[in-house]
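Data file: data-v1.txt. Format and content: compact mmCIF, C-alpha atoms.
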```txt
# COMPACT_ATOMS: atom_id res chain seq x y z
CA PRO H 1 -5.67 -14.24 -7.66
CA LEU H 2 -2.02 -13.21 -7.09
CA SER H 3 -2.37 -13.30 -3.29
CA SER H 4 -2.27 -9.64 -2.32
CA VAL H 5 -4.64 -6.75 -1.76
CA LYS H 6 -2.86 -4.97 -4.64
CA ASP H 7 -4.79 -7.07 -7.19
CA ARG H 8 -7.72 -4.72 -6.59
CA LEU H 9 -5.54 -1.65 -7.00
CA ALA H 10 -4.07 -2.91 -10.28
CA LEU H 11 -7.45 -3.68 -11.81
CA ALA H 12 -8.88 -0.33 -10.65
CA ILE H 13 -5.97 1.62 -12.19
CA VAL H 14 -6.15 -0.21 -15.52
CA GLU H 15 -9.92 0.10 -15.78
CA ALA H 16 -9.77 3.81 -14.90
CA GLY H 17 -7.11 4.33 -17.59
CA GLU H 18 -9.19 2.49 -20.17
CA LYS H 19 -12.30 4.46 -19.24
CA SER H 20 -10.51 7.82 -19.51
CA GLY H 21 -8.90 6.91 -22.82
CA GLU H 22 -5.38 7.45 -21.49
CA LEU H 23 -4.66 3.74 -21.71
CA LYS H 24 -4.99 2.49 -25.27
CA PRO H 25 -4.81 -1.06 -26.70
CA GLY H 26 -1.23 -2.30 -26.92
CA SER H 27 0.10 0.36 -24.55
CA THR H 28 2.99 -0.11 -22.14
CA ILE H 29 2.31 0.51 -18.45
CA VAL H 30 5.17 1.54 -16.18
CA GLU H 31 5.14 1.75 -12.39
CA ALA H 32 7.43 1.97 -9.38
CA THR H 33 6.75 -0.89 -7.00
CA SER H 34 8.10 -2.73 -3.97
CA GLY H 35 6.65 -5.88 -5.48
CA ASN H 36 2.98 -6.60 -4.82
CA THR H 37 1.58 -3.84 -7.05
CA GLY H 38 4.04 -4.85 -9.76
CA ILE H 39 2.95 -8.49 -9.53
CA ALA H 40 -0.71 -7.47 -9.71
CA LEU H 41 -0.15 -5.11 -12.64
CA ALA H 42 1.87 -7.78 -14.46
CA MET H 43 -1.08 -10.15 -14.08
CA VAL H 44 -3.67 -7.65 -15.34
CA CYS H 45 -1.41 -6.58 -18.22
CA ALA H 46 -0.91 -10.20 -19.25
CA GLN H 47 -4.66 -10.72 -19.29
CA ARG H 48 -5.42 -7.55 -21.25
CA GLY H 49 -2.58 -7.45 -23.72
CA TYR H 50 -0.49 -4.60 -22.31
CA SER H 51 3.26 -4.59 -21.83
CA PHE H 52 4.42 -3.85 -18.29
CA VAL H 53 7.65 -2.37 -17.00
CA ALA H 54 8.26 -2.44 -13.24
CA VAL H 55 10.83 -0.19 -11.58
CA MET H 56 11.98 -1.56 -8.24
CA ALA H 57 14.58 -0.50 -5.70
CA ALA H 58 17.35 -3.06 -5.14
CA SER H 59 16.43 -3.28 -1.44
CA PHE H 60 13.22 -5.16 -2.22
CA SER H 61 13.03 -8.94 -2.51
CA VAL H 62 14.50 -10.82 -5.47
CA GLU H 63 11.61 -13.30 -5.29
CA ARG H 64 9.12 -10.60 -6.28
CA ARG H 65 11.22 -9.68 -9.30
CA LYS H 66 11.15 -13.33 -10.37
CA VAL H 67 7.37 -13.51 -10.10
CA MET H 68 6.91 -10.35 -12.19
CA ARG H 69 9.27 -11.64 -14.87
CA ALA H 70 7.42 -14.97 -14.89
CA LEU H 71 4.26 -13.00 -15.67
CA GLY H 72 5.96 -11.36 -18.65
CA ALA H 73 7.01 -8.08 -17.08
CA LYS H 74 10.31 -6.29 -17.58
CA VAL H 75 11.89 -5.32 -14.26
CA LEU H 76 14.36 -2.45 -13.89
CA VAL H 77 16.25 -2.17 -10.60
CA THR H 78 17.28 1.19 -9.10
CA PRO H 79 20.02 1.69 -6.46
CA ALA H 80 18.89 0.87 -2.92
CA PRO H 81 20.20 4.13 -1.39
CA LEU H 82 17.75 6.12 -3.56
CA GLY H 83 14.81 4.43 -1.86
CA GLY H 84 11.22 4.77 -2.95
CA THR H 85 11.64 8.23 -4.44
CA GLY H 86 14.44 6.91 -6.66
CA MET H 87 12.30 4.24 -8.25
CA VAL H 88 9.35 6.63 -8.57
CA GLN H 89 11.48 9.22 -10.37
CA LYS H 90 12.85 6.56 -12.73
CA ALA H 91 9.33 5.42 -13.62
CA GLU H 92 8.35 9.05 -14.26
CA GLU H 93 11.36 9.54 -16.54
CA LEU H 94 10.54 6.41 -18.54
CA ALA H 95 6.89 7.40 -18.93
CA GLU H 96 7.85 10.85 -20.21
CA LYS H 97 10.57 9.56 -22.53
CA HIS H 98 8.60 6.73 -24.16
CA GLY H 99 5.03 7.99 -23.82
CA TRP H 100 4.14 5.05 -21.57
CA PHE H 101 1.12 5.00 -19.26
CA LEU H 102 2.27 5.84 -15.72
CA ALA H 103 0.13 3.90 -13.23
CA ARG H 104 0.66 6.45 -10.40
CA GLN H 105 -0.38 4.10 -7.61
CA PHE H 106 0.76 6.63 -5.01
CA GLU H 107 -1.38 9.47 -6.38
CA THR H 108 -4.30 8.16 -8.42
CA GLU H 109 -7.81 8.46 -7.03
CA ALA H 110 -8.57 5.06 -8.59
CA ASN H 111 -6.50 3.45 -5.83
CA ALA H 112 -8.61 4.42 -2.82
CA ASP H 113 -11.79 4.37 -4.90
CA GLY H 114 -11.29 0.69 -5.68
CA HIS H 115 -11.03 -0.18 -1.99
CA LYS H 116 -13.95 2.09 -1.12
CA LYS H 117 -16.14 0.08 -3.49
CA THR H 118 -14.84 -3.39 -2.60
CA THR H 119 -12.62 -3.98 0.45
CA GLY H 120 -14.45 -1.70 2.89
CA PRO H 121 -18.00 -2.87 2.08
CA GLU H 122 -16.87 -6.52 2.05
CA ILE H 123 -15.43 -6.17 5.56
CA LEU H 124 -18.65 -4.63 6.86
CA ALA H 125 -20.76 -7.28 5.12
CA ALA H 126 -18.68 -10.09 6.64
CA PHE H 127 -19.22 -8.75 10.16
CA ALA H 128 -22.92 -8.17 9.47
CA ARG H 129 -23.36 -11.80 8.37
CA GLN H 130 -21.88 -12.92 11.69
CA GLY H 131 -24.01 -10.47 13.61
CA LYS H 132 -20.88 -8.90 15.06
CA LYS H 133 -19.72 -5.34 15.53
CA LEU H 134 -16.35 -4.19 14.19
CA ASP H 135 -14.76 -2.27 17.04
CA TYR H 136 -11.23 -1.74 15.72
CA TRP H 137 -9.73 -1.93 12.24
CA VAL H 138 -5.92 -2.00 12.09
CA THR H 139 -3.90 -1.27 8.96
CA GLY H 140 -0.56 0.07 7.82
CA TYR H 141 0.08 1.94 4.60
CA GLY H 142 2.16 1.50 1.49
CA THR H 143 0.30 3.74 -0.93
CA GLY H 144 -2.44 4.38 1.62
CA GLY H 145 -5.16 3.13 -0.72
CA THR H 146 -6.55 0.51 1.63
CA PHE H 147 -6.44 2.92 4.57
CA ALA H 148 -8.10 5.78 2.66
CA GLY H 149 -10.60 3.80 0.58
CA ALA H 150 -11.65 0.95 2.84
CA GLY H 151 -11.34 3.28 5.81
CA GLU H 152 -13.80 5.76 4.34
CA ALA H 153 -16.31 2.99 3.63
CA ILE H 154 -15.90 1.51 7.11
CA LYS H 155 -16.37 4.89 8.82
CA ALA H 156 -19.45 5.61 6.70
CA GLY H 157 -21.04 2.24 7.46
CA SER H 158 -19.83 1.86 11.06
CA PRO H 159 -18.99 5.29 12.55
CA SER H 160 -18.15 3.79 15.95
CA THR H 161 -15.34 1.63 14.51
CA LYS H 162 -11.95 2.96 15.54
CA ILE H 163 -9.32 2.95 12.80
CA VAL H 164 -5.76 2.37 13.98
CA LEU H 165 -2.98 3.21 11.53
CA SER H 166 0.48 1.75 11.98
CA GLU H 167 3.89 2.70 10.62
CA PRO H 168 7.50 1.62 11.29
CA LYS H 169 9.15 2.96 14.42
CA SER H 170 12.21 3.95 12.39
CA ALA H 171 10.10 5.79 9.80
CA PRO H 172 7.44 7.76 11.71
CA LEU H 173 6.41 9.93 8.78
CA VAL H 174 2.74 10.49 9.64
CA THR H 175 3.50 10.52 13.35
CA SER H 176 5.96 13.38 12.87
CA GLY H 177 3.27 15.73 11.59
CA LYS H 178 5.69 17.06 8.97
CA GLU H 179 4.20 17.64 5.54
CA GLN H 180 5.42 15.93 2.38
CA ASP H 181 6.73 18.15 -0.43
CA ARG H 182 5.05 17.43 -3.78
CA LYS H 183 5.49 18.24 -7.44
CA GLU H 184 3.72 18.02 -10.77
CA VAL H 185 4.59 15.16 -13.11
CA LEU H 186 3.24 14.90 -16.67
CA GLY H 187 0.55 17.46 -15.95
CA LYS H 188 -0.66 15.98 -12.67
CA PHE H 189 0.21 17.17 -9.18
CA GLY H 190 0.93 14.97 -6.17
CA ALA H 191 4.14 13.02 -6.77
CA PRO H 192 6.78 13.26 -4.01
CA ALA H 193 9.29 16.04 -4.60
CA GLY H 194 11.84 14.24 -2.43
CA ALA H 195 12.33 11.97 0.54
CA HIS H 196 10.53 12.75 3.79
CA PRO H 197 12.96 14.04 6.46
CA GLU H 198 11.80 11.53 9.09
CA TRP H 199 12.33 8.39 7.02
CA LYS H 200 15.02 5.86 7.86
CA PRO H 201 15.46 2.35 6.38
CA HIS H 202 13.21 -0.33 7.85
CA PRO H 203 12.57 -4.03 7.08
CA ILE H 204 8.78 -3.85 6.60
CA GLN H 205 8.71 -4.21 2.82
CA GLY H 206 5.69 -2.66 1.16
CA TRP H 207 4.96 -0.32 4.07
CA THR H 208 5.92 3.33 4.38
CA PRO H 209 8.14 4.28 1.44
CA ASN H 210 10.50 7.19 2.02
CA PHE H 211 7.67 9.64 1.37
CA ILE H 212 4.02 10.07 2.35
CA PRO H 213 1.95 9.07 -0.70
CA LYS H 214 -0.73 11.53 -1.77
CA VAL H 215 -3.34 8.77 -1.51
CA CYS H 216 -2.44 8.28 2.15
CA GLU H 217 -2.44 12.02 2.75
CA ASP H 218 -5.94 12.26 1.27
CA GLY H 219 -7.09 9.67 3.80
CA LEU H 220 -5.48 11.60 6.64
CA LYS H 221 -7.30 14.76 5.53
CA LEU H 222 -10.59 12.86 5.84
CA LYS H 223 -9.70 12.33 9.52
CA LEU H 224 -10.29 8.58 9.26
CA MET H 225 -7.57 7.68 11.74
CA ASP H 226 -8.40 7.48 15.44
CA GLU H 227 -4.94 6.42 16.57
CA ILE H 228 -1.49 5.73 15.18
CA LEU H 229 0.92 3.15 16.63
CA LEU H 230 4.56 2.52 15.79
CA VAL H 231 5.91 -0.99 15.24
CA ASP H 232 9.50 -2.13 15.48
CA GLY H 233 10.83 -4.07 12.50
CA ARG H 234 12.02 -6.97 14.64
CA ASP H 235 8.57 -7.32 16.25
CA ALA H 236 7.00 -7.35 12.79
CA MET H 237 9.36 -10.10 11.58
CA ASP H 238 8.90 -12.19 14.73
CA THR H 239 5.09 -11.93 14.44
CA CYS H 240 5.27 -12.86 10.76
CA ILE H 241 7.09 -16.09 11.68
CA ARG H 242 4.70 -16.83 14.53
CA LEU H 243 1.71 -16.44 12.20
CA ALA H 244 3.18 -19.04 9.87
CA GLN H 245 4.23 -21.53 12.54
CA GLN H 246 1.33 -21.14 14.97
CA GLU H 247 -1.60 -20.12 12.75
CA GLY H 248 -0.67 -21.41 9.28
CA ILE H 249 -0.89 -17.87 7.88
CA PHE H 250 2.00 -17.43 5.44
CA CYS H 251 2.26 -13.67 5.03
CA GLY H 252 4.88 -10.99 4.55
CA ILE H 253 6.54 -8.80 7.16
CA SER H 254 3.87 -6.14 6.68
CA GLY H 255 1.25 -8.69 7.73
CA GLY H 256 3.30 -9.38 10.85
CA ALA H 257 3.44 -5.64 11.54
CA ALA H 258 -0.33 -5.28 11.24
CA VAL H 259 -1.03 -8.25 13.53
CA TRP H 260 1.54 -7.07 16.10
CA THR H 261 -0.23 -3.70 16.15
CA ALA H 262 -3.61 -5.42 16.50
CA ILE H 263 -2.31 -7.41 19.49
CA GLU H 264 -1.23 -4.14 21.12
CA VAL H 265 -4.73 -2.76 20.49
CA CYS H 266 -6.23 -5.88 22.08
CA LYS H 267 -4.21 -5.33 25.26
CA LYS H 268 -6.10 -2.12 26.03
CA ALA H 269 -9.41 -2.63 24.23
CA PRO H 270 -12.54 -3.34 26.28
CA LYS H 271 -13.22 -7.03 26.90
CA GLY H 272 -15.17 -8.63 24.05
CA SER H 273 -13.99 -6.14 21.42
CA ASN H 274 -13.67 -7.32 17.83
CA VAL H 275 -10.34 -6.30 16.28
CA LEU H 276 -9.55 -6.83 12.60
CA ALA H 277 -5.99 -6.62 11.26
CA MET H 278 -5.38 -6.02 7.55
CA ILE H 279 -2.81 -8.53 6.23
CA PRO H 280 -1.83 -7.25 2.76
CA ASP H 281 -0.64 -10.54 1.27
CA THR H 282 -0.40 -14.29 1.83
```
Representation of the structure as structure tokens:
Amino acid sequence: PLSSVKDRLALAIVEAGEKSGELKPGSTIVEATSGNTGIALAMVCAQRGYSFVAVMAASFSVERRKVMRALGAKVLVTPAPLGGTGMVQKAEELAEKHGWFLARQFETEANADGHKKTTGPEILAAFARQGKKLDYWVTGYGTGGTFAGAGEAIKAGSPSTKIVLSEPKSAPLVTSGKEQDRKEVLGKFGAPAGAHPEWKPHPIQGWTPNFIPKVCEDGLKLKLMDEILLVDGRDAMDTCIRLAQQEGIFCGISGGAAVWTAIEVCKKAPKGSNVLAMIPDT
């Protein structure tokens, strides 16, 4: 309903919190977000009577802040140089100080589980209805929930499908093979202990924060990925514009990055292959 794949994540997190009893009527939810998760959580909170506080680095788009505020959320902005870990740490501090419910989109099992139950099976069902085989599935990662959850479902239902993961050329975190340091926050382990050493600023908003999320790492441990490709920020932006002007697909830079990667896959895939690119928002 709010035009991004994060709607599923937001609903899954809230429903999991309600089921566990951690999220009680009238509670305040707090989360660090580049925008789409915050917009989705603001929507779900508005529908269910929760207050929502979004913590967002200054480097992310002003337009997303405006949408969240329009949905009734309070938005706190952290300094851009602190990156993703800065906004995550601020959200953790607020949750501990005020007793708020921390959504933990980067660590919670509810994230991937939601996509495992919905996005993955829906993709397979769509191809089955057309009588077509899914040869390649291309996705990037923000939290890694779509990659880990939908990826697990796709591999289970179509083992021959090759999953291609993409990340920014200037932030090759997974490609580097270097592990992410983690810490315990409010009794749960998995939050980033600091920035990943291979991260550098990039323009693909929503993709690859300055740490490897635990949700993404869990997907990597399942060995879902068949290949990883790096995308340059300029190529992602150019493809984003081309999608709007030539295909009528009005998406973000991350969508451009995914489609650029899919085009690269098409260049070497066998003739007649079916390649699906995951565009996170429109």
8 Å contact set for H:Lys183, only C-alpha atoms, chain neighbours under 5 positions out, as a ChimeraX atom specification: /H:189-193
Residue neighbourhood H:Ala148, 9 Å, all atoms listed in the file, exclusion window fewer than 2 positions, as a list in words: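 Result of the neighbour search: Asn111, Ala112, Asp113, His115, Lys116, Gly144, Gly145, Thr146, Ala150, Gly151, Glu152, Ala153, Val215, Cys216, Glu217, Asp218, Gly219, Leu220, Leu222 and Leu224 of chain H.
Proximity of H:Ala262, H:Ala171, H:Ala236, H:Leu243 to H:Thr282, computed with only C-alpha atoms, is greatest for H:Leu243.
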Distance of atom CA of H:Val259 from atom CA of H:Ala277, expressed in Å to one decimal place: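 It comes out at 5.7 Å.
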Gap from atom CA of H:Gly83 to atom CA of H:Ser176 - Å, one decimal: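 Answer for the atom CA of H:Gly83 to atom CA of H:Ser176 separation: 19.4 Å.
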Among the residues H:Gly140, H:Pro121, H:Pro25, H:Gly252, the one that comes closest to H:Ser158 [using all atoms listed in the file]: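 Nearest to H:Ser158: H:Pro121.
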H:Thr85 surroundings by all atoms listed in the file, 8 Å radius, close-in-sequence under 6 positions cut, as a list in words: Pro192, Gly194, Ala195, Pro209, Asn210 and Phe211 of chain H
Nearest residue to H:Ala16 from the set H:Glu227, H:Glu179, H:Glu109, H:Glu63 (distances using all atoms listed in the file): H:Glu109
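Among the candidate residues H:Lys6, H:Lys155, H:His98, H:Lys19, the one lying nearest to H:Lys223 is H:Lys155, with distances computed using all atoms listed in the file.
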So that I can check the surroundings of H:Ser160, please list as a short mmCIF file (atom, residue, chain, number, x, y, z; two decimals) with C-alpha atoms, keeping the file's coordinate frame every protein, DNA and RNA residue that reaches within 10 Å of it, counting only C-alpha atoms and ignoring chain neighbours fewer than 3 positions away.
```
data_model
loop_
_atom_site.label_atom_id
_atom_site.label_comp_id
_atom_site.auth_asym_id
_atom_site.auth_seq_id
_atom_site.Cartn_x
_atom_site.Cartn_y
_atom_site.Cartn_z
CA LYS H 133 -19.72 -5.34 15.53
CA LEU H 134 -16.35 -4.19 14.19
CA ASP H 135 -14.76 -2.27 17.04
CA TYR H 136 -11.23 -1.74 15.72
CA ILE H 154 -15.90 1.51 7.11
CA LYS H 155 -16.37 4.89 8.82
CA ALA H 156 -19.45 5.61 6.70
CA GLY H 157 -21.04 2.24 7.46
CA ILE H 163 -9.32 2.95 12.80
#
```
Shell around H:Val77 at 9 Å using only C-alpha atoms, local window under 4 positions removed, as a PyMOL selection string: chain H and resi 54-58+87
Two-atom distance - atom CA of H:Asp232, atom CA of H:Lys169 (Å):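 Here the two named atoms are 5.2 Å from each other.
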Pick from H:Lys132, H:His196, H:His202, H:Arg48, whichever lies nearest to H:Val275 using all atoms listed in the file: H:Lys132
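Among H:Ala110, H:Arg65, H:Thr33, H:Pro81, the residue with the shortest atom-to-atom distance to H:Ile13, counting only C-alpha atoms, is H:Ala110.
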Within-7 Å shell of (13.1, 9.7, 9.6) in input frame, all atoms listed in the file, as number ranges by chain: H: 170-173, 197-200
Can stretch 68-88 of chain H be brought up to N, CA, C and O atoms and written out as a tab-separated table (two decimals), in the frame of the given file?
```
chain	number	residue	atom	x	y	z
H	68	MET	N	7.31	-11.31	-11.15
H	68	MET	CA	6.91	-10.35	-12.19
H	68	MET	C	7.43	-10.77	-13.56
H	68	MET	O	6.71	-10.72	-14.56
H	69	ARG	N	8.69	-11.20	-13.60
H	69	ARG	CA	9.27	-11.64	-14.87
H	69	ARG	C	8.56	-12.89	-15.39
H	69	ARG	O	8.37	-13.05	-16.60
H	70	ALA	N	8.15	-13.77	-14.49
H	70	ALA	CA	7.42	-14.97	-14.89
H	70	ALA	C	6.08	-14.62	-15.52
H	70	ALA	O	5.56	-15.35	-16.37
H	71	LEU	N	5.53	-13.47	-15.12
H	71	LEU	CA	4.26	-13.00	-15.67
H	71	LEU	C	4.45	-12.16	-16.94
H	71	LEU	O	3.49	-11.60	-17.47
H	72	GLY	N	5.69	-12.06	-17.40
H	72	GLY	CA	5.96	-11.36	-18.65
H	72	GLY	C	6.41	-9.93	-18.52
H	72	GLY	O	6.58	-9.23	-19.52
H	73	ALA	N	6.61	-9.47	-17.29
H	73	ALA	CA	7.01	-8.08	-17.08
H	73	ALA	C	8.51	-7.90	-17.26
H	73	ALA	O	9.29	-8.83	-17.10
H	74	LYS	N	8.90	-6.67	-17.59
H	74	LYS	CA	10.31	-6.29	-17.58
H	74	LYS	C	10.55	-5.56	-16.27
H	74	LYS	O	9.78	-4.67	-15.89
H	75	VAL	N	11.61	-5.93	-15.56
H	75	VAL	CA	11.89	-5.32	-14.26
H	75	VAL	C	13.21	-4.56	-14.31
H	75	VAL	O	14.26	-5.13	-14.65
H	76	LEU	N	13.17	-3.29	-13.98
H	76	LEU	CA	14.36	-2.45	-13.89
H	76	LEU	C	14.64	-2.18	-12.42
H	76	LEU	O	13.73	-1.82	-11.67
H	77	VAL	N	15.88	-2.33	-12.01
H	77	VAL	CA	16.25	-2.17	-10.60
H	77	VAL	C	17.03	-0.87	-10.40
H	77	VAL	O	17.99	-0.60	-11.12
H	78	THR	N	16.60	-0.07	-9.42
H	78	THR	CA	17.28	1.19	-9.10
H	78	THR	C	18.11	1.01	-7.83
H	78	THR	O	17.84	0.12	-7.02
H	79	PRO	N	19.14	1.84	-7.63
H	79	PRO	CA	20.02	1.69	-6.46
H	79	PRO	C	19.26	1.79	-5.14
H	79	PRO	O	18.41	2.67	-4.97
H	80	ALA	N	19.57	0.90	-4.22
H	80	ALA	CA	18.89	0.87	-2.92
H	80	ALA	C	18.97	2.19	-2.16
H	80	ALA	O	17.97	2.60	-1.55
H	81	PRO	N	20.11	2.89	-2.15
H	81	PRO	CA	20.20	4.13	-1.39
H	81	PRO	C	19.21	5.22	-1.84
H	81	PRO	O	18.91	6.13	-1.07
H	82	LEU	N	18.70	5.11	-3.07
H	82	LEU	CA	17.75	6.12	-3.56
H	82	LEU	C	16.34	5.89	-3.04
H	82	LEU	O	15.48	6.76	-3.16
H	83	GLY	N	16.09	4.71	-2.49
H	83	GLY	CA	14.81	4.43	-1.86
H	83	GLY	C	13.62	4.50	-2.79
H	83	GLY	O	13.73	4.37	-4.02
H	84	GLY	N	12.46	4.72	-2.19
H	84	GLY	CA	11.22	4.77	-2.95
H	84	GLY	C	11.17	5.92	-3.94
H	84	GLY	O	10.67	5.77	-5.06
H	85	THR	N	11.68	7.08	-3.53
H	85	THR	CA	11.64	8.23	-4.44
H	85	THR	C	12.50	7.98	-5.68
H	85	THR	O	12.18	8.44	-6.77
H	86	GLY	N	13.57	7.21	-5.53
H	86	GLY	CA	14.44	6.91	-6.66
H	86	GLY	C	13.72	6.09	-7.71
H	86	GLY	O	13.81	6.37	-8.91
H	87	MET	N	13.00	5.07	-7.27
H	87	MET	CA	12.30	4.24	-8.25
H	87	MET	C	11.11	4.98	-8.85
H	87	MET	O	10.78	4.80	-10.03
H	88	VAL	N	10.46	5.83	-8.06
H	88	VAL	CA	9.35	6.63	-8.57
H	88	VAL	C	9.84	7.59	-9.65
H	88	VAL	O	9.23	7.73	-10.72
```
